[in-house]
>>> print(open('start.tsv').read())   # TSV, C-alpha atoms
chain	number	residue	atom	x	y	z
A	1	MET	CA	-29.43	-24.51	15.31
A	2	PRO	CA	-25.72	-23.72	15.58
A	3	PRO	CA	-24.50	-20.51	13.98
A	4	ALA	CA	-23.06	-20.89	10.50
A	5	THR	CA	-19.36	-21.62	10.50
A	6	PRO	CA	-16.98	-19.34	8.61
A	7	PRO	CA	-16.99	-18.06	5.95
A	8	SER	CA	-19.86	-16.15	7.46
A	9	PRO	CA	-21.75	-13.27	5.86
A	10	HIS	CA	-19.98	-11.22	8.45
A	11	SER	CA	-16.63	-11.40	6.66
A	12	TRP	CA	-18.30	-10.66	3.35
A	13	GLU	CA	-19.97	-7.63	4.90
A	14	SER	CA	-16.77	-6.43	6.49
A	15	ALA	CA	-14.94	-6.71	3.18
A	16	PHE	CA	-17.67	-4.65	1.57
A	17	GLN	CA	-17.54	-2.01	4.29
A	18	ALA	CA	-13.75	-1.90	4.26
A	19	TYR	CA	-13.06	-1.90	0.53
A	20	TYR	CA	-16.11	-0.63	-1.34
A	21	ILE	CA	-14.94	2.99	-1.50
A	22	GLU	CA	-11.32	2.33	-2.38
A	23	LEU	CA	-12.36	-0.13	-5.06
A	24	CYS	CA	-14.75	2.43	-6.54
A	25	GLU	CA	-11.94	4.98	-6.53
A	26	TYR	CA	-9.65	2.49	-8.24
A	27	VAL	CA	-12.13	1.42	-10.89
A	28	LEU	CA	-13.07	5.05	-11.54
A	29	ARG	CA	-9.50	5.59	-12.73
A	30	PHE	CA	-10.13	3.05	-15.47
A	31	VAL	CA	-13.65	4.00	-16.48
A	32	GLY	CA	-14.03	7.74	-15.73
A	33	SER	CA	-17.72	7.35	-14.93
A	34	ALA	CA	-18.80	6.98	-11.30
A	35	GLU	CA	-21.98	5.30	-12.45
A	36	ALA	CA	-20.02	2.63	-14.28
A	37	ALA	CA	-17.50	2.26	-11.45
A	38	GLN	CA	-20.22	1.63	-8.88
A	39	ASP	CA	-21.91	-0.92	-11.11
A	40	LEU	CA	-18.65	-2.78	-11.68
A	41	VAL	CA	-17.78	-2.91	-7.98
A	42	GLN	CA	-21.33	-3.95	-7.14
A	43	ASP	CA	-21.17	-6.78	-9.69
A	44	LEU	CA	-17.90	-7.94	-8.21
A	45	PHE	CA	-19.38	-8.16	-4.72
A	46	LEU	CA	-22.54	-9.83	-6.04
A	47	ARG	CA	-20.43	-12.49	-7.68
A	48	LEU	CA	-18.55	-13.02	-4.44
A	49	TRP	CA	-21.82	-13.22	-2.56
A	50	ASP	CA	-23.24	-15.81	-4.94
A	51	SER	CA	-20.20	-18.03	-4.83
A	52	ARG	CA	-19.28	-17.59	-1.20
A	53	GLY	CA	-17.71	-20.60	0.39
A	54	PRO	CA	-14.43	-22.00	1.64
A	55	ARG	CA	-12.37	-19.78	-0.63
A	56	ASP	CA	-13.70	-16.58	0.95
A	57	ALA	CA	-10.68	-16.34	3.23
A	58	THR	CA	-8.49	-15.65	0.18
A	59	ARG	CA	-11.05	-13.90	-1.94
A	60	LEU	CA	-12.21	-11.31	0.54
A	61	THR	CA	-8.75	-9.84	0.89
A	62	ARG	CA	-7.48	-6.54	-0.45
A	63	PRO	CA	-5.06	-8.02	-3.03
A	64	TYR	CA	-7.65	-10.38	-4.48
A	65	LEU	CA	-10.33	-7.71	-4.65
A	66	TYR	CA	-8.00	-5.32	-6.47
A	67	VAL	CA	-7.05	-7.89	-9.07
A	68	ALA	CA	-10.68	-8.89	-9.57
A	69	ALA	CA	-11.76	-5.23	-9.84
A	70	ARG	CA	-9.00	-4.51	-12.34
A	71	ASN	CA	-9.94	-7.46	-14.52
A	72	ARG	CA	-13.57	-6.41	-14.52
A	73	ALA	CA	-12.68	-2.81	-15.38
A	74	LEU	CA	-10.48	-3.86	-18.31
A	75	LYS	CA	-13.11	-6.27	-19.56
A	76	TYR	CA	-15.67	-3.47	-19.40
A	77	LEU	CA	-13.42	-1.13	-21.41
A	78	ARG	CA	-12.88	-3.77	-24.09
A	79	HIS	CA	-16.58	-4.55	-24.20
A	80	ARG	CA	-17.38	-0.87	-24.71
A	81	ARG	CA	-14.75	-0.69	-27.44
A	82	VAL	CA	-12.84	2.10	-25.76
A	83	VAL	CA	-9.73	3.05	-27.76
A	84	ALA	CA	-6.85	0.58	-27.36
A	85	ALA	CA	-4.40	3.27	-26.27
A	86	TRP	CA	-6.57	4.08	-23.27
A	87	ILE	CA	-6.95	0.43	-22.35
A	88	ALA	CA	-3.16	0.04	-22.48
A	89	ARG	CA	-2.80	3.05	-20.22
A	90	ALA	CA	-5.42	1.75	-17.80
A	91	ALA	CA	-3.77	-1.68	-17.76
A	92	SER	CA	-0.67	-0.10	-16.29
A	93	GLU	CA	-2.58	1.35	-13.32
A	94	GLU	CA	-0.95	0.19	-10.15
A	95	THR	CA	-2.74	-1.02	-7.07
A	96	PRO	CA	-2.52	1.84	-4.59
A	97	PRO	CA	-0.41	0.78	-1.59
A	98	SER	CA	-1.99	0.64	1.84
A	99	ASP	CA	-0.95	3.56	3.99
A	100	THR	CA	2.02	2.85	6.23
A	101	PRO	CA	2.61	4.93	9.39
A	102	GLU	CA	5.40	6.59	7.43
A	103	ASP	CA	2.96	7.65	4.71
A	104	LEU	CA	0.58	9.06	7.28
A	105	CYS	CA	3.39	11.05	8.83
A	106	LEU	CA	4.49	12.44	5.47
A	107	ARG	CA	0.87	13.13	4.72
A	108	ASP	CA	0.70	15.48	7.72
A	109	GLU	CA	3.63	17.48	6.42
A	110	LEU	CA	2.08	17.54	3.00
A	111	ASP	CA	-1.25	18.70	4.37
A	112	ALA	CA	0.34	21.90	5.61
A	113	ALA	CA	1.62	22.66	2.10
A	114	VAL	CA	-1.78	21.82	0.62
A	115	GLN	CA	-3.64	24.05	3.08
A	116	GLN	CA	-1.23	26.85	2.32
A	117	ALA	CA	-1.73	26.47	-1.42
A	118	ILE	CA	-5.51	26.50	-1.03
A	119	ALA	CA	-5.34	29.56	1.23
A	120	GLU	CA	-3.40	31.40	-1.47
A	121	LEU	CA	-6.08	30.93	-4.12
A	122	PRO	CA	-8.04	34.05	-5.10
A	123	ALA	CA	-11.04	34.42	-2.76
A	124	ARG	CA	-13.85	33.36	-5.08
A	125	CYS	CA	-11.81	30.60	-6.59
A	126	ARG	CA	-11.00	29.29	-3.12
A	127	ALA	CA	-14.60	29.48	-1.91
A	128	ILE	CA	-15.76	27.41	-4.87
A	129	PHE	CA	-12.99	24.89	-4.56
A	130	VAL	CA	-13.61	24.38	-0.84
A	131	LEU	CA	-17.36	23.95	-1.34
A	132	ARG	CA	-16.63	21.31	-3.92
A	133	ARG	CA	-13.77	19.41	-2.33
A	134	ARG	CA	-14.42	19.80	1.37
A	135	GLU	CA	-18.18	20.18	1.58
A	136	GLN	CA	-18.71	18.02	-1.48
A	137	LEU	CA	-21.47	20.15	-2.98
A	138	SER	CA	-22.35	19.57	-6.61
A	139	TYR	CA	-21.54	22.27	-9.17
A	140	ARG	CA	-25.21	23.13	-9.36
A	141	GLU	CA	-25.50	23.45	-5.57
A	142	ILE	CA	-22.46	25.73	-5.52
A	143	ALA	CA	-23.95	27.92	-8.26
A	144	THR	CA	-27.19	28.24	-6.29
A	145	ARG	CA	-25.49	28.91	-2.98
A	146	LEU	CA	-23.23	31.63	-4.38
A	147	GLY	CA	-25.76	33.03	-6.85
A	148	ILE	CA	-23.47	32.53	-9.85
A	149	SER	CA	-23.79	30.64	-13.11
A	150	LEU	CA	-22.88	27.00	-13.55
A	151	GLY	CA	-20.35	28.09	-16.16
A	152	THR	CA	-18.62	30.32	-13.62
A	153	VAL	CA	-18.40	27.48	-11.12
A	154	LYS	CA	-16.81	25.26	-13.76
A	155	SER	CA	-14.34	27.85	-14.95
A	156	GLN	CA	-13.34	28.77	-11.40
A	157	MET	CA	-12.85	25.11	-10.51
A	158	TRP	CA	-10.61	24.72	-13.52
A	159	ARG	CA	-8.69	27.83	-12.51
A	160	ALA	CA	-8.26	26.50	-8.96
A	161	THR	CA	-7.03	23.17	-10.32
A	162	LEU	CA	-4.40	24.77	-12.54
A	163	ARG	CA	-3.18	27.02	-9.75
A	164	LEU	CA	-2.93	24.18	-7.26
A	165	ARG	CA	-1.16	22.08	-9.85
A	166	ALA	CA	1.47	24.82	-10.21
A	167	LYS	CA	1.83	25.42	-6.47
A	168	LEU	CA	1.93	21.76	-5.55
A	169	ALA	CA	4.13	20.70	-8.45
A	170	PRO	CA	6.92	19.36	-6.18
A	171	TYR	CA	4.44	17.01	-4.50
A	172	LEU	CA	2.52	15.72	-7.48
A	173	ALA	CA	4.80	12.93	-8.66
A	174	ARG	CA	4.10	9.43	-7.49
A	175	PRO	CA	5.03	7.84	-5.21
A	176	LEU	CA	3.95	9.96	-2.30
A	177	ILE	CA	6.62	8.28	-0.21
A	178	SER	CA	10.28	9.17	-0.24
A	179	GLU	CA	12.66	7.36	-2.58
A	180	ASP	CA	14.92	6.05	0.16
A	181	ARG	CA	12.22	3.75	1.48
A	182	VAL	CA	12.78	1.55	-1.53
A	183	GLY	CA	16.43	0.93	-0.69
B	1	MET	CA	-15.58	11.43	-31.70
B	2	THR	CA	-13.24	13.70	-29.79
B	3	GLU	CA	-14.36	16.96	-31.41
B	4	GLY	CA	-15.39	19.70	-29.06
B	5	ILE	CA	-13.56	18.26	-26.08
B	6	ASP	CA	-11.29	20.62	-24.21
B	7	ALA	CA	-9.02	20.24	-21.23
B	8	THR	CA	-11.64	21.34	-18.70
B	9	GLU	CA	-13.49	18.10	-19.42
B	10	LEU	CA	-10.67	16.30	-17.63
B	11	LEU	CA	-12.04	17.57	-14.35
B	12	ARG	CA	-15.40	15.98	-14.95
B	13	PHE	CA	-13.66	12.80	-16.00
B	14	VAL	CA	-11.48	12.70	-12.87
B	15	GLU	CA	-14.52	13.26	-10.67
B	16	GLY	CA	-16.47	10.61	-12.53
B	17	ASP	CA	-19.30	12.94	-13.51
B	18	CYS	CA	-19.47	11.49	-17.01
B	19	SER	CA	-21.87	9.05	-18.56
B	20	PRO	CA	-20.10	5.94	-19.89
B	21	ASP	CA	-20.35	7.35	-23.45
B	22	GLU	CA	-18.91	10.72	-22.47
B	23	ALA	CA	-16.13	8.93	-20.62
B	24	ALA	CA	-15.29	6.90	-23.74
B	25	ALA	CA	-15.01	10.09	-25.83
B	26	ILE	CA	-12.73	11.70	-23.25
B	27	GLN	CA	-10.62	8.55	-23.03
B	28	ALA	CA	-10.08	8.69	-26.80
B	29	TRP	CA	-9.21	12.38	-26.54
B	30	ILE	CA	-6.65	11.73	-23.79
B	31	ALA	CA	-5.12	8.78	-25.61
B	32	ALA	CA	-4.56	10.92	-28.72
B	33	ASP	CA	-1.88	13.07	-27.07
B	34	PRO	CA	0.54	12.08	-24.29
B	35	ARG	CA	0.47	15.62	-22.85
B	36	ARG	CA	-3.20	15.17	-22.08
B	37	GLY	CA	-2.36	12.02	-20.16
B	38	GLU	CA	0.25	13.93	-18.17
B	39	LEU	CA	-2.26	16.64	-17.36
B	40	LEU	CA	-4.73	13.98	-16.27
B	41	ASP	CA	-2.16	12.46	-13.92
B	42	GLU	CA	-1.43	15.87	-12.43
B	43	ILE	CA	-5.08	16.68	-11.87
B	44	ARG	CA	-5.55	13.32	-10.19
B	45	ALA	CA	-2.57	14.09	-7.99
B	46	VAL	CA	-4.07	17.46	-7.01
B	47	TRP	CA	-7.30	15.66	-6.15
B	48	ARG	CA	-5.46	13.04	-4.13
B	49	LEU	CA	-3.73	15.77	-2.12
B	50	THR	CA	-6.81	17.89	-1.50
B	51	GLY	CA	-9.27	15.29	-0.25
B	52	SER	CA	-9.59	11.75	1.00
B	53	THR	CA	-11.73	10.59	-1.91
B	54	THR	CA	-12.39	11.83	-5.42
B	55	ARG	CA	-16.11	12.12	-4.84
B	56	PRO	CA	-18.61	11.38	-2.06
B	57	TRP	CA	-19.31	7.65	-2.46
B	58	VAL	CA	-22.15	6.43	-0.30
B	59	VAL	CA	-21.41	2.97	1.09
B	60	ALA	CA	-24.70	2.61	2.96
B	61	GLU	CA	-26.74	3.17	-0.22
B	62	ALA	CA	-24.57	0.79	-2.18
B	63	ARG	CA	-24.97	-1.85	0.51
B	64	ILE	CA	-28.76	-1.56	0.48
B	65	ARG	CA	-28.85	-1.70	-3.32
B	66	LEU	CA	-26.73	-4.81	-3.24
B	67	LEU	CA	-28.67	-6.59	-0.50
B	68	ARG	CA	-31.97	-5.81	-2.22
B	69	SER	CA	-30.78	-7.38	-5.43
B	70	ARG	CA	-30.19	-10.62	-3.53
B	71	GLY	CA	-33.49	-10.51	-1.69
B	72	ARG	CA	-34.19	-12.72	1.27
B	73	HIS	CA	-30.82	-14.48	1.39
B	74	ALA	CA	-29.03	-11.19	1.55
B	75	ALA	CA	-31.36	-9.96	4.27
B	76	GLN	CA	-30.36	-12.95	6.37
B	77	GLY	CA	-26.77	-12.03	5.73
B	78	SER	CA	-27.31	-8.54	7.03
B	79	ALA	CA	-28.86	-9.97	10.19
B	80	GLY	CA	-25.60	-11.79	10.77
B	81	PHE	CA	-23.73	-8.53	10.38
B	82	SER	CA	-25.82	-6.65	12.93
B	83	ALA	CA	-24.51	-8.95	15.67
B	84	ARG	CA	-28.05	-9.77	16.72
B	85	PRO	CA	-28.00	-13.02	18.71
B	86	ARG	CA	-29.34	-15.93	16.74
B	87	PRO	CA	-32.37	-17.77	18.07
>>> encode(input="start.tsv", output="structure tokens")
Amino acid sequence: MPPATPPSPHSWESAFQAYYIELCEYVLRFVGSAEAAQDLVQDLFLRLWDSRGPRDATRLTRPYLYVAARNRALKYLRHRRVVAAWIARAASEETPPSDTPEDLCLRDELDAAVQQAIAELPARCRAIFVLRRREQLSYREIATRLGISLGTVKSQMWRATLRLRAKLAPYLARPLISEDRVG
Amino acid sequence: MTEGIDATELLRFVEGDCSPDEAAAIQAWIAADPRRGELLDEIRAVWRLTGSTTRPWVVAEARIRLLRSRGRHAAQGSAGFSARPRP
């Protein structure tokens, strides 16, 4: 039997591998719950799986997936009767641009500033922040590892966030890229 | 609905560690004051600068969950992905 002609499951799988995480990140901005974000992205891919066919070439692309994810996220918020002002805010979320080589280059410069800012945090604050952001431990795991209370982990994380926000203030505004690229 | 919420909850919200109900309460709290929205944007920016993702998403687990929910058909699909030669 000859192999199936495109659209093959292969392209569906590659789209899933390539975009699952960024779509979860995007939807999380709307819903604020990772559990809900994962379910929404999963439902999107299930729908695409069930209706796969000739249109896959357009549907399994980044722009299509972002629009579909956005629509699902907004529908979810309306269904859950989230306040209208939040839905309006969420509706104005932009699709994050794909990284250009220029972005990656700027990102390197930025990384130096970020590393510096993290290094300047008070020792305990820094240790907690690094365990969370770099080693991706849960708050509870951090508390156990350092022998401190969950409350301390939370308050130190908040402290780290506020300090980094102050130190990195010049870099926080979107877009990450320089203005002159627009012109 | 938004009683008892303070700014530190924004961190949990950004990281997605909220149940859907908790998230809805925080969303209402943020929407009630533009300064809270600004703070949210800044925290997200700090997160964007200090790591590649907001939280550790596990693609492999998600993929298995998804394929399981479509049973046999999905399993055939995954065989196609593994580049195993077809009989």
>>> closest_residue(input="start.tsv", among="A:Trp12, A:Arg133, A:Arg72, A:Ala173", to="Pro56 in chain B", atoms="only C-alpha atoms")
A:Arg133
>>> interface_residues(input="start.tsv", of="chain B", to="chain A", cutoff="8 Å", atoms="only C-alpha atoms", output="PyMOL selection string")
chain B and resi 8+11+13-20+23-24+27-28+30-31+42-43+45-46+49-51+53-57+59+62-63+66+77-78+80-81+86-87
>>> closest_residue(input="start.tsv", among="A:Leu40, A:Pro63, A:Asp103, A:Leu48", to="Lys75 in chain A", atoms="all atoms listed in the file")
A:Leu40
>>> closest_residue(input="start.tsv", among="A:Leu74, A:Cys125, A:Val67, A:Leu44", to="Ala91 in chain A", atoms="all atoms listed in the file")
A:Leu74
>>> atom_distance(input="start.tsv", atom1="CA of Ser51 in chain A", atom2="CA of Thr95 in chain A")
24.5 Å
>>> axis_aligned_box(input="start.tsv", around="range 95-104 of chain A", padding_each_side="5 Å", output="lines of an AutoDock Vina configuration file")
center_x = 1.3
center_y = 4.0
center_z = 1.2
size_x = 18.1
size_y = 20.1
size_z = 26.5
>>> closest_residue(input="start.tsv", among="A:Gly147, A:Pro101, A:Pro96, A:Pro122", to="Val27 in chain A", atoms="all atoms listed in the file")
A:Pro96
>>> atom_distance(input="start.tsv", atom1="CA of Ala68 in chain A", atom2="CA of Leu40 in chain B")
24.6 Å
>>> atom_distance(input="start.tsv", atom1="CA of Arg55 in chain A", atom2="CA of Arg70 in chain A")
19.5 Å
>>> closest_residue(input="start.tsv", among="B:Ala60, B:Arg68, B:Trp47, B:Ala7", to="Asp33 in chain B", atoms="only C-alpha atoms")
B:Ala7
>>> residues_around(input="start.tsv", residues="Tyr139 in chain A", least_positions_apart="4", cutoff="10 Å", atoms="all atoms listed in the file", output="VMD selection string")
chain A and resid 128 131 to 132 143 to 145 149 to 154 157
